[in-house]
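See below for structure00.tsv, which holds TSV, C-alpha atoms.
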chain	number	residue	atom	x	y	z
A	13	MET	CA	143.96	82.82	192.90
A	14	PRO	CA	147.49	82.55	194.28
A	15	GLU	CA	150.08	80.60	192.31
A	16	GLN	CA	150.26	77.14	193.87
A	17	ARG	CA	151.47	75.00	191.05
A	18	GLY	CA	154.80	73.27	191.03
A	19	ALA	CA	157.42	73.15	188.30
A	20	ASP	CA	156.40	71.77	184.93
A	21	GLY	CA	156.57	67.97	185.15
A	22	ALA	CA	156.83	67.95	188.95
A	23	PRO	CA	154.45	65.70	190.89
A	24	LEU	CA	151.38	67.20	192.52
A	25	PRO	CA	151.21	67.20	196.32
A	26	PRO	CA	149.50	64.08	197.70
A	27	GLU	CA	146.62	66.09	199.19
A	28	ALA	CA	145.65	67.50	195.77
A	29	VAL	CA	142.41	66.49	194.07
A	30	VAL	CA	142.11	66.53	190.30
A	31	PHE	CA	139.15	66.15	187.98
A	32	ARG	CA	138.73	64.63	184.55
A	33	LEU	CA	136.03	65.74	182.14
A	34	GLY	CA	133.88	63.05	180.59
A	35	GLU	CA	130.60	62.10	179.04
A	36	SER	CA	128.34	59.04	178.83
A	37	LEU	CA	124.76	57.88	178.36
A	38	ASN	CA	124.16	56.99	181.99
A	39	GLY	CA	125.71	60.12	183.49
A	40	LYS	CA	128.90	58.49	184.70
A	41	ILE	CA	132.51	59.05	183.82
A	42	PRO	CA	133.25	56.15	181.42
A	43	GLU	CA	136.48	54.22	181.05
A	44	GLN	CA	136.80	55.72	177.56
A	45	ALA	CA	137.48	59.06	179.28
A	46	PHE	CA	140.82	57.59	180.35
A	47	ARG	CA	141.99	56.54	176.90
A	48	LEU	CA	144.90	58.57	175.62
A	49	SER	CA	144.21	60.31	172.34
A	50	SER	CA	146.70	60.11	169.49
A	51	GLU	CA	147.76	63.67	170.44
A	52	ASP	CA	148.18	62.69	174.11
A	53	ARG	CA	150.45	59.83	173.04
A	54	LYS	CA	152.74	62.20	171.14
A	55	GLN	CA	153.67	64.06	174.32
A	56	ILE	CA	156.85	63.17	176.15
A	57	PRO	CA	155.89	61.55	178.41
A	58	PRO	CA	152.37	60.76	177.19
A	59	LYS	CA	149.83	62.43	179.51
A	60	LEU	CA	146.10	62.43	180.09
A	61	SER	CA	144.76	65.91	180.86
A	62	VAL	CA	143.31	66.43	184.32
A	63	TRP	CA	142.85	69.59	186.34
A	64	ASP	CA	143.70	70.54	189.91
A	65	LYS	CA	140.34	71.50	191.39
A	66	ASP	CA	141.83	74.32	193.47
A	67	GLN	CA	143.31	76.06	190.42
A	68	THR	CA	140.75	75.50	187.67
A	69	THR	CA	136.99	74.90	187.79
A	70	PRO	CA	135.21	72.42	185.49
A	71	PRO	CA	133.52	75.22	183.49
A	72	GLN	CA	136.91	76.90	183.05
A	73	ALA	CA	138.45	73.62	181.92
A	74	HIS	CA	135.60	73.09	179.50
A	75	GLU	CA	136.03	76.59	178.11
A	76	LEU	CA	139.78	76.09	177.76
A	77	MET	CA	139.20	72.89	175.80
A	78	GLY	CA	137.18	74.86	173.28
A	79	LYS	CA	133.82	73.32	174.27
A	80	SER	CA	134.14	70.86	171.42
A	81	PRO	CA	133.60	68.09	172.07
A	82	ARG	CA	131.09	69.16	174.67
A	83	TYR	CA	131.68	67.44	177.96
A	84	ALA	CA	128.88	67.01	180.47
A	85	LEU	CA	130.61	65.70	183.58
A	86	ALA	CA	133.55	66.21	185.89
A	87	GLY	CA	134.79	63.30	187.99
A	88	TYR	CA	137.04	64.05	190.94
A	89	MET	CA	139.98	61.89	192.01
A	90	PRO	CA	142.37	62.34	194.94
A	91	VAL	CA	145.94	62.26	193.68
A	92	VAL	CA	146.91	59.89	196.46
A	93	SER	CA	144.26	57.43	195.21
A	94	ILE	CA	145.57	57.59	191.64
A	95	ARG	CA	149.06	56.85	192.90
A	96	SER	CA	147.87	53.88	194.93
A	97	VAL	CA	146.12	52.06	192.08
A	98	VAL	CA	147.29	48.47	191.87
A	99	ASP	CA	146.84	46.00	189.05
A	100	GLY	CA	145.10	42.62	189.11
A	101	ALA	CA	148.16	40.90	190.50
A	102	GLY	CA	148.40	43.42	193.33
A	103	GLY	CA	151.40	45.06	191.75
A	104	GLU	CA	151.76	48.81	191.79
A	105	LEU	CA	151.19	50.62	188.55
A	106	PRO	CA	153.48	53.50	187.75
A	107	LEU	CA	150.76	56.14	187.73
A	108	ASP	CA	151.50	59.67	188.74
A	109	VAL	CA	149.97	63.12	188.38
A	110	VAL	CA	152.32	65.88	187.30
A	111	TRP	CA	151.99	69.56	186.51
A	112	ASP	CA	151.62	70.32	182.82
A	113	HIS	CA	151.94	74.05	182.50
A	114	ASP	CA	149.43	75.92	180.43
A	115	ASP	CA	149.75	79.69	180.72
A	116	ARG	CA	146.30	80.63	179.48
A	117	LEU	CA	144.05	82.46	181.91
A	118	GLY	CA	142.37	79.96	184.23
A	119	ALA	CA	144.57	77.07	183.13
A	120	GLY	CA	146.81	77.07	186.20
A	121	GLY	CA	145.38	73.75	187.30
A	122	HIS	CA	146.33	71.87	184.15
A	123	CYS	CA	148.17	68.66	184.90
A	124	GLY	CA	148.51	65.20	183.46
A	125	VAL	CA	148.26	61.59	184.53
A	126	VAL	CA	151.35	59.73	183.37
A	127	GLY	CA	151.78	55.97	183.15
A	128	LEU	CA	148.74	55.25	181.00
A	129	ASP	CA	150.70	54.48	177.84
A	130	GLY	CA	152.66	51.37	176.95
A	131	PRO	CA	153.28	48.71	174.36
A	132	ASP	CA	150.51	47.46	172.12
A	133	THR	CA	150.77	43.85	173.21
A	134	LYS	CA	147.61	41.95	174.15
A	135	GLN	CA	148.63	41.71	177.79
A	136	ALA	CA	149.54	45.40	178.03
A	137	LYS	CA	146.28	46.44	176.40
A	138	GLU	CA	144.29	44.31	178.84
A	139	ARG	CA	146.17	45.83	181.75
A	140	ARG	CA	145.48	49.34	180.48
A	141	ALA	CA	141.79	48.52	179.99
A	142	GLN	CA	141.65	47.40	183.60
A	143	LEU	CA	143.45	50.54	184.65
A	144	ARG	CA	140.95	52.73	182.80
A	145	ARG	CA	138.10	50.86	184.48
A	146	ILE	CA	139.68	51.41	187.91
A	147	LEU	CA	140.21	55.12	187.25
A	148	ALA	CA	136.63	55.51	186.03
A	149	ASP	CA	135.34	53.84	189.20
A	150	LEU	CA	137.45	56.23	191.23
A	151	ALA	CA	136.19	59.27	189.31
A	152	ASN	CA	132.60	58.12	189.73
A	153	GLU	CA	132.82	58.32	193.48
A	154	ARG	CA	132.31	62.07	193.03
A	155	VAL	CA	130.81	63.31	189.78
A	156	THR	CA	129.30	66.71	189.09
A	157	PRO	CA	127.62	68.05	185.96
A	158	ILE	CA	129.38	70.89	184.19
A	159	CYS	CA	127.13	73.90	184.50
B	22	MET	CA	107.83	39.25	169.28
B	23	SER	CA	109.27	41.87	167.01
B	24	ALA	CA	113.04	42.24	166.99
B	25	ILE	CA	114.39	44.94	169.21
B	26	GLY	CA	115.57	47.82	167.11
B	27	GLU	CA	112.74	47.40	164.60
B	28	TYR	CA	110.31	49.85	166.07
B	29	PRO	CA	106.57	49.50	165.69
B	30	PRO	CA	104.62	52.44	164.26
B	31	VAL	CA	103.58	55.16	166.62
B	32	THR	CA	99.87	54.74	167.26
B	33	SER	CA	99.26	55.54	170.90
B	34	LYS	CA	99.73	58.34	173.38
B	35	THR	CA	102.76	56.49	174.72
B	36	GLY	CA	104.31	56.62	171.28
B	37	LEU	CA	104.44	52.83	170.98
B	38	SER	CA	101.96	50.36	169.55
B	39	ARG	CA	101.42	46.90	171.00
B	40	PRO	CA	103.55	44.52	168.92
B	41	ALA	CA	101.61	42.07	166.76
B	42	GLY	CA	101.37	38.60	168.22
B	43	LEU	CA	101.69	39.69	171.82
B	44	ASP	CA	98.77	38.79	174.04
B	45	PRO	CA	97.14	42.09	175.03
B	46	ALA	CA	96.48	40.65	178.48
B	47	ASP	CA	100.16	40.12	179.08
B	48	ASP	CA	100.90	43.62	180.26
B	49	ALA	CA	104.07	42.68	182.08
B	50	GLU	CA	105.69	41.43	178.89
B	51	PHE	CA	104.37	44.40	176.95
B	52	MET	CA	105.65	46.83	179.55
B	53	ALA	CA	109.05	45.13	179.59
B	54	LEU	CA	109.28	45.33	175.81
B	55	THR	CA	108.13	48.94	175.90
B	56	ALA	CA	110.77	49.80	178.47
B	57	THR	CA	113.52	48.08	176.46
B	58	THR	CA	112.39	49.80	173.27
B	59	PHE	CA	112.33	53.12	175.07
B	60	GLU	CA	115.87	52.56	176.36
B	61	ALA	CA	117.10	51.49	172.91
B	62	THR	CA	115.57	54.60	171.36
B	63	ARG	CA	117.13	56.77	174.05
B	64	ALA	CA	120.52	55.13	173.40
B	65	GLU	CA	120.30	55.72	169.66
B	66	ARG	CA	119.34	59.34	170.18
B	67	TYR	CA	122.28	59.73	172.51
B	68	VAL	CA	124.66	58.29	169.90
B	69	TYR	CA	123.48	60.71	167.21
B	70	GLY	CA	123.60	63.53	169.74
B	71	LEU	CA	127.33	62.81	170.08
B	72	VAL	CA	127.70	63.69	166.42
B	73	ASP	CA	125.98	67.03	166.98
B	74	ARG	CA	128.19	67.73	169.98
B	75	GLY	CA	131.41	67.14	168.12
B	76	TRP	CA	132.42	63.83	169.67
B	77	ILE	CA	132.15	61.32	166.84
B	78	SER	CA	131.59	61.19	163.11
B	79	GLU	CA	128.22	60.32	161.62
B	80	ARG	CA	129.82	57.22	160.14
B	81	ARG	CA	130.89	56.05	163.61
B	82	ALA	CA	127.41	56.78	164.96
B	83	ASP	CA	125.79	54.74	162.18
B	84	LYS	CA	128.13	51.84	162.91
B	85	ALA	CA	127.46	52.08	166.64
B	86	VAL	CA	123.70	52.00	166.17
B	87	GLU	CA	123.96	49.12	163.71
B	88	THR	CA	126.12	47.23	166.20
B	89	LEU	CA	123.79	47.92	169.11
B	90	ARG	CA	120.76	46.74	167.13
B	91	GLY	CA	122.65	43.64	166.09
B	92	LEU	CA	123.59	42.81	169.67
B	93	LEU	CA	120.04	43.27	170.89
B	94	ARG	CA	118.72	41.05	168.08
B	95	GLN	CA	121.26	38.33	168.76
B	96	LEU	CA	120.98	38.47	172.52
B	97	PRO	CA	117.34	39.16	173.45
B	98	GLY	CA	117.12	40.54	176.95
B	99	LEU	CA	120.59	42.04	176.88
B	100	PRO	CA	120.50	45.28	178.87
B	101	ILE	CA	121.22	48.49	177.02
B	102	PRO	CA	124.90	49.22	177.69
B	103	ASN	CA	126.30	52.45	178.94
B	104	ILE	CA	127.55	54.28	175.85
B	105	ALA	CA	130.40	56.74	175.83
B	106	PRO	CA	132.61	58.53	173.35
B	107	GLY	CA	136.37	58.34	173.52
B	108	PRO	CA	139.17	60.10	171.70
B	109	ASP	CA	139.88	59.82	167.99
B	110	ASP	CA	136.32	59.03	166.88
B	111	LEU	CA	136.01	56.05	169.22
B	112	ILE	CA	132.76	54.96	170.84
B	113	GLY	CA	132.39	52.37	173.58
B	114	PHE	CA	129.67	50.21	175.06
B	115	SER	CA	129.99	48.79	178.57
B	116	TRP	CA	128.01	46.43	180.77
B	117	ARG	CA	128.50	46.08	184.49
B	118	THR	CA	127.32	43.63	187.08
B	119	ARG	CA	128.54	43.12	190.62
B	120	ASP	CA	131.17	40.65	189.43
B	121	HIS	CA	131.86	41.52	185.81
B	122	HIS	CA	132.78	44.43	183.62
B	123	LEU	CA	132.61	44.06	179.84
B	124	SER	CA	133.23	46.58	177.13
B	125	LEU	CA	133.17	46.82	173.37
B	126	GLU	CA	134.90	49.68	171.62
B	127	LEU	CA	134.48	50.69	167.98
B	128	HIS	CA	137.58	52.33	166.58
B	129	ALA	CA	137.84	54.84	163.77
B	130	ASP	CA	139.53	52.30	161.49
B	131	GLY	CA	136.48	50.05	161.85
B	132	HIS	CA	137.90	47.41	164.14
B	133	PHE	CA	136.25	46.26	167.36
B	134	GLU	CA	138.06	45.75	170.64
B	135	ALA	CA	136.40	43.79	173.45
B	136	PHE	CA	137.42	43.47	177.09
B	137	HIS	CA	136.13	41.44	180.00
B	138	GLU	CA	137.26	41.76	183.57
B	139	ASP	CA	136.10	39.34	186.25
B	140	LEU	CA	135.94	41.76	189.15
B	141	ALA	CA	136.18	39.02	191.74
B	142	SER	CA	139.26	37.25	190.39
B	143	ARG	CA	140.42	40.30	188.38
B	144	ALA	CA	141.06	37.93	185.48
B	145	LEU	CA	141.25	39.71	182.13
B	146	TRP	CA	140.22	38.73	178.61
B	147	SER	CA	140.31	40.66	175.37
B	148	ASP	CA	139.92	40.19	171.65
B	149	GLU	CA	140.06	42.42	168.57
B	150	ASN	CA	138.44	41.86	165.23
B	151	GLY	CA	136.85	43.45	162.20
B	152	CYS	CA	133.49	42.47	163.64
B	153	VAL	CA	132.14	41.98	167.16
B	154	PRO	CA	134.34	39.26	168.69
B	155	VAL	CA	132.41	36.01	169.19
B	156	GLY	CA	134.01	35.59	172.60
B	157	LEU	CA	132.28	38.75	173.77
B	158	LEU	CA	128.89	37.41	172.71
B	159	ASP	CA	129.54	34.26	174.73
B	160	ARG	CA	130.54	36.29	177.73
B	161	LEU	CA	127.56	38.63	177.47
B	162	THR	CA	125.32	35.55	177.31
B	163	ASN	CA	126.92	33.95	180.33
B	164	VAL	CA	127.56	36.79	182.74
B	165	ILE	CA	125.16	39.66	181.98
Rewrite the structure from the file as structure tokens, please.
Amino acid sequence: MPEQRGADGAPLPPEAVVFRLGESLNGKIPEQAFRLSSEDRKQIPPKLSVWDKDQTTPPQAHELMGKSPRYALAGYMPVVSIRSVVDGAGGELPLDVVWDHDDRLGAGGHCGVVGLDGPDTKQAKERRAQLRRILADLANERVTPIC
Amino acid sequence: MSAIGEYPPVTSKTGLSRPAGLDPADDAEFMALTATTFEATRAERYVYGLVDRGWISERRADKAVETLRGLLRQLPGLPIPNIAPGPDDLIGFSWRTRDHHLSLELHADGHFEAFHEDLASRALWSDENGCVPVGLLDRLTNVI
């Protein structure tokens, strides 16, 4: 596949579509799939791993993540939709999707959603919970099983 | 009616016996109970399957099942939530209606975090505690 990715940390083009791997009882991408792990939070800036669908397939992404934990689902999200997420007050949230270079074979589509971290105040946590719910709803508009 | 989560012995081809005290003629109630018990069993199997698949620890799974059984005992008729693993040995339950989204997350350090979003007004509520926050029980009773 031809090299299409931008510079490390550069934003993805608006027409790009990314997917997030997830898992839940009812076969949907859950909001927990959009929680940053303690390792994600150590990155500068903190990033949630997603994959450009034109560069990496869900089975490739699953393989690259070591198959443990074993994901069952991939939920697709247009980058332009992630960038247009607004909070409960109608205010824009500073979400973006940027390239996060990974040079392993098949990992050309690795990127990250930034803007999901923040202070641990009650209000900020509630806002992030809402954000995770919104992103999960977006991802559930197109979900496929990982074969 | 037996408490949900306390399963009757397997005595029939369906794998479930008719609970003691339930009128055999009342098939609708029996079928509803059977369906709920089936869903609860499916949920518990799913939780322990997450251990096998490397998502959560057995300790977290035990706590999740204990919590789910407790919720179903306290709130009869509560639908089985969607259940999902998160990072760092976290597991979450969520309930969704047209107008409300509620979740309860069990963290690795043992604390519980509950959220409620009114999807119409987009009003938010949350609480954290060492046990299931009482405010969540009230909200589950009132909106689910």
*List every protein, DNA or RNA residue that has at least one atom no more than 12 Å from (126.1, 65.2, 168.4) in the file's coordinates, counting only C-alpha atoms, and write the result as a list in words.*
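Here the neighbourhood of the point contains Glu35, Ser80, Pro81, Arg82 and Tyr83 of chain A; Glu65, Arg66, Tyr67, Val68, Tyr69, Gly70, Leu71, Val72, Asp73, Arg74, Gly75, Trp76, Ile77, Ser78, Glu79, Arg81, Ala82 and Pro106 of chain B.
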Who sits within 12 Å of segment 64-67 of chain A, all atoms listed in the file, same chain under 3 positions skipped, as an mmCIF file with C-alpha atoms, in the coordinates of the input:
data_model
loop_
_atom_site.group_PDB
_atom_site.id
_atom_site.type_symbol
_atom_site.label_atom_id
_atom_site.label_comp_id
_atom_site.auth_asym_id
_atom_site.auth_seq_id
_atom_site.Cartn_x
_atom_site.Cartn_y
_atom_site.Cartn_z
ATOM 1 C CA MET A 13 143.960 82.820 192.900
ATOM 2 C CA PRO A 14 147.490 82.550 194.280
ATOM 3 C CA GLU A 15 150.080 80.600 192.310
ATOM 4 C CA GLN A 16 150.260 77.140 193.870
ATOM 5 C CA ARG A 17 151.470 75.000 191.050
ATOM 6 C CA GLY A 18 154.800 73.270 191.030
ATOM 7 C CA PRO A 23 154.450 65.700 190.890
ATOM 8 C CA LEU A 24 151.380 67.200 192.520
ATOM 9 C CA PRO A 25 151.210 67.200 196.320
ATOM 10 C CA PRO A 26 149.500 64.080 197.700
ATOM 11 C CA GLU A 27 146.620 66.090 199.190
ATOM 12 C CA ALA A 28 145.650 67.500 195.770
ATOM 13 C CA VAL A 29 142.410 66.490 194.070
ATOM 14 C CA VAL A 30 142.110 66.530 190.300
ATOM 15 C CA PHE A 31 139.150 66.150 187.980
ATOM 16 C CA ARG A 32 138.730 64.630 184.550
ATOM 17 C CA LEU A 33 136.030 65.740 182.140
ATOM 18 C CA SER A 61 144.760 65.910 180.860
ATOM 19 C CA PRO A 70 135.210 72.420 185.490
ATOM 20 C CA PRO A 71 133.520 75.220 183.490
ATOM 21 C CA GLN A 72 136.910 76.900 183.050
ATOM 22 C CA ALA A 73 138.450 73.620 181.920
ATOM 23 C CA ALA A 86 133.550 66.210 185.890
ATOM 24 C CA GLY A 87 134.790 63.300 187.990
ATOM 25 C CA TYR A 88 137.040 64.050 190.940
ATOM 26 C CA MET A 89 139.980 61.890 192.010
ATOM 27 C CA PRO A 90 142.370 62.340 194.940
ATOM 28 C CA VAL A 91 145.940 62.260 193.680
ATOM 29 C CA VAL A 109 149.970 63.120 188.380
ATOM 30 C CA VAL A 110 152.320 65.880 187.300
ATOM 31 C CA TRP A 111 151.990 69.560 186.510
ATOM 32 C CA ASP A 112 151.620 70.320 182.820
ATOM 33 C CA HIS A 113 151.940 74.050 182.500
ATOM 34 C CA ASP A 114 149.430 75.920 180.430
ATOM 35 C CA LEU A 117 144.050 82.460 181.910
ATOM 36 C CA GLY A 118 142.370 79.960 184.230
ATOM 37 C CA ALA A 119 144.570 77.070 183.130
ATOM 38 C CA GLY A 120 146.810 77.070 186.200
ATOM 39 C CA GLY A 121 145.380 73.750 187.300
ATOM 40 C CA HIS A 122 146.330 71.870 184.150
ATOM 41 C CA CYS A 123 148.170 68.660 184.900
ATOM 42 C CA GLY A 124 148.510 65.200 183.460
ATOM 43 C CA VAL A 125 148.260 61.590 184.530
#
_Point-to-point distance from atom CA of Pro100 of chain B to atom CA of Arg139 of chain A, Å rounded to tenths_ = 25.8 Å
*Which residue gives the smallest distance to chain B among A:Lys59, A:His74, A:Arg53, A:Arg47, with all atoms listed in the file counted?*
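Nearest to chain B: A:Arg47.
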*Tell me, as a ChimeraX atom specification, which residues lie within 7 Å of Ile41 of chain A, counting all atoms listed in the file; anything in the same chain fewer than 6 positions away does not count.*
/A:34-35,85,87,148,151-152
_Best match for closeness to Phe46 of chain A among B:Ala105, B:Leu96, B:Pro154, B:Leu140, counting all atoms listed in the file_ =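 Residue with the minimum atom-to-atom distance to Phe46 of chain A: B:Ala105.
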Counting all atoms listed in the file, which residues from chain A have an atom at most 12 Å from any atom of chain B, and could you show them as an mmCIF file with C-alpha atoms, in the frame of the given file?
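Wrote iface_25.cif, looks like this:
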data_model
loop_
_atom_site.group_PDB
_atom_site.id
_atom_site.type_symbol
_atom_site.label_atom_id
_atom_site.label_comp_id
_atom_site.auth_asym_id
_atom_site.auth_seq_id
_atom_site.Cartn_x
_atom_site.Cartn_y
_atom_site.Cartn_z
ATOM 1 C CA LEU A 33 136.030 65.740 182.140
ATOM 2 C CA GLY A 34 133.880 63.050 180.590
ATOM 3 C CA GLU A 35 130.600 62.100 179.040
ATOM 4 C CA SER A 36 128.340 59.040 178.830
ATOM 5 C CA LEU A 37 124.760 57.880 178.360
ATOM 6 C CA ASN A 38 124.160 56.990 181.990
ATOM 7 C CA GLY A 39 125.710 60.120 183.490
ATOM 8 C CA LYS A 40 128.900 58.490 184.700
ATOM 9 C CA ILE A 41 132.510 59.050 183.820
ATOM 10 C CA PRO A 42 133.250 56.150 181.420
ATOM 11 C CA GLU A 43 136.480 54.220 181.050
ATOM 12 C CA GLN A 44 136.800 55.720 177.560
ATOM 13 C CA ALA A 45 137.480 59.060 179.280
ATOM 14 C CA PHE A 46 140.820 57.590 180.350
ATOM 15 C CA ARG A 47 141.990 56.540 176.900
ATOM 16 C CA LEU A 48 144.900 58.570 175.620
ATOM 17 C CA SER A 49 144.210 60.310 172.340
ATOM 18 C CA SER A 50 146.700 60.110 169.490
ATOM 19 C CA GLU A 51 147.760 63.670 170.440
ATOM 20 C CA ASP A 52 148.180 62.690 174.110
ATOM 21 C CA ARG A 53 150.450 59.830 173.040
ATOM 22 C CA LEU A 60 146.100 62.430 180.090
ATOM 23 C CA GLY A 78 137.180 74.860 173.280
ATOM 24 C CA LYS A 79 133.820 73.320 174.270
ATOM 25 C CA SER A 80 134.140 70.860 171.420
ATOM 26 C CA PRO A 81 133.600 68.090 172.070
ATOM 27 C CA ARG A 82 131.090 69.160 174.670
ATOM 28 C CA TYR A 83 131.680 67.440 177.960
ATOM 29 C CA ALA A 84 128.880 67.010 180.470
ATOM 30 C CA LEU A 85 130.610 65.700 183.580
ATOM 31 C CA VAL A 98 147.290 48.470 191.870
ATOM 32 C CA ASP A 99 146.840 46.000 189.050
ATOM 33 C CA GLY A 100 145.100 42.620 189.110
ATOM 34 C CA ALA A 101 148.160 40.900 190.500
ATOM 35 C CA GLY A 102 148.400 43.420 193.330
ATOM 36 C CA THR A 133 150.770 43.850 173.210
ATOM 37 C CA LYS A 134 147.610 41.950 174.150
ATOM 38 C CA GLN A 135 148.630 41.710 177.790
ATOM 39 C CA ALA A 136 149.540 45.400 178.030
ATOM 40 C CA LYS A 137 146.280 46.440 176.400
ATOM 41 C CA GLU A 138 144.290 44.310 178.840
ATOM 42 C CA ARG A 139 146.170 45.830 181.750
ATOM 43 C CA ARG A 140 145.480 49.340 180.480
ATOM 44 C CA ALA A 141 141.790 48.520 179.990
ATOM 45 C CA GLN A 142 141.650 47.400 183.600
ATOM 46 C CA LEU A 143 143.450 50.540 184.650
ATOM 47 C CA ARG A 144 140.950 52.730 182.800
ATOM 48 C CA ARG A 145 138.100 50.860 184.480
ATOM 49 C CA ILE A 146 139.680 51.410 187.910
ATOM 50 C CA ALA A 148 136.630 55.510 186.030
ATOM 51 C CA ASP A 149 135.340 53.840 189.200
#
*In Å, rounded to a single decimal, give me how far atom CA of Val97 of chain A is from atom CA of Pro58 of chain A.*
18.3 Å
*Atomic distance atom CA of Trp116 of chain B - atom CA of Thr162 of chain B, expressed in Å with one decimal*: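 Computing the Euclidean distance for atom CA of Trp116 of chain B and atom CA of Thr162 of chain B yields 11.7 Å.
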Atom completion result for segment 114-131 of chain B (N, CA and C atoms) as a compact mmCIF listing (two decimals), in the coordinates of the input:
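Once written, rebuild.txt looks like this:
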# COMPACT_ATOMS: atom_id res chain seq x y z
N PHE B 114 130.82 50.73 174.32
CA PHE B 114 129.67 50.21 175.06
C PHE B 114 130.23 49.50 176.29
N SER B 115 129.53 49.57 177.41
CA SER B 115 129.99 48.79 178.57
C SER B 115 128.80 48.27 179.36
N TRP B 116 129.01 47.09 179.93
CA TRP B 116 128.01 46.43 180.77
C TRP B 116 128.68 46.12 182.10
N ARG B 117 127.91 46.29 183.18
CA ARG B 117 128.50 46.08 184.49
C ARG B 117 127.55 45.30 185.37
N THR B 118 128.07 44.29 186.02
CA THR B 118 127.32 43.63 187.08
C THR B 118 128.20 43.70 188.32
N ARG B 119 127.73 43.08 189.40
CA ARG B 119 128.54 43.12 190.62
C ARG B 119 129.90 42.48 190.38
N ASP B 120 129.94 41.42 189.57
CA ASP B 120 131.17 40.65 189.43
C ASP B 120 131.88 40.79 188.09
N HIS B 121 131.26 41.48 187.15
CA HIS B 121 131.86 41.52 185.81
C HIS B 121 131.79 42.91 185.19
N HIS B 122 132.79 43.20 184.41
CA HIS B 122 132.78 44.43 183.62
C HIS B 122 133.18 44.04 182.19
N LEU B 123 132.32 44.37 181.24
CA LEU B 123 132.61 44.06 179.84
C LEU B 123 132.51 45.33 179.01
N SER B 124 133.33 45.42 178.01
CA SER B 124 133.23 46.58 177.13
C SER B 124 133.50 46.18 175.69
N LEU B 125 132.95 46.98 174.81
CA LEU B 125 133.17 46.82 173.37
C LEU B 125 133.43 48.21 172.81
N GLU B 126 134.55 48.37 172.17
CA GLU B 126 134.90 49.68 171.62
C GLU B 126 135.02 49.60 170.10
N LEU B 127 134.44 50.59 169.44
CA LEU B 127 134.48 50.69 167.98
C LEU B 127 135.49 51.77 167.62
N HIS B 128 136.52 51.38 166.93
CA HIS B 128 137.58 52.33 166.58
C HIS B 128 137.32 52.97 165.22
N ALA B 129 138.03 54.07 165.00
CA ALA B 129 137.84 54.84 163.77
C ALA B 129 138.21 54.02 162.52
N ASP B 130 139.15 53.10 162.66
CA ASP B 130 139.53 52.30 161.49
C ASP B 130 138.57 51.13 161.26
N GLY B 131 137.52 51.05 162.06
CA GLY B 131 136.48 50.05 161.85
C GLY B 131 136.66 48.79 162.67
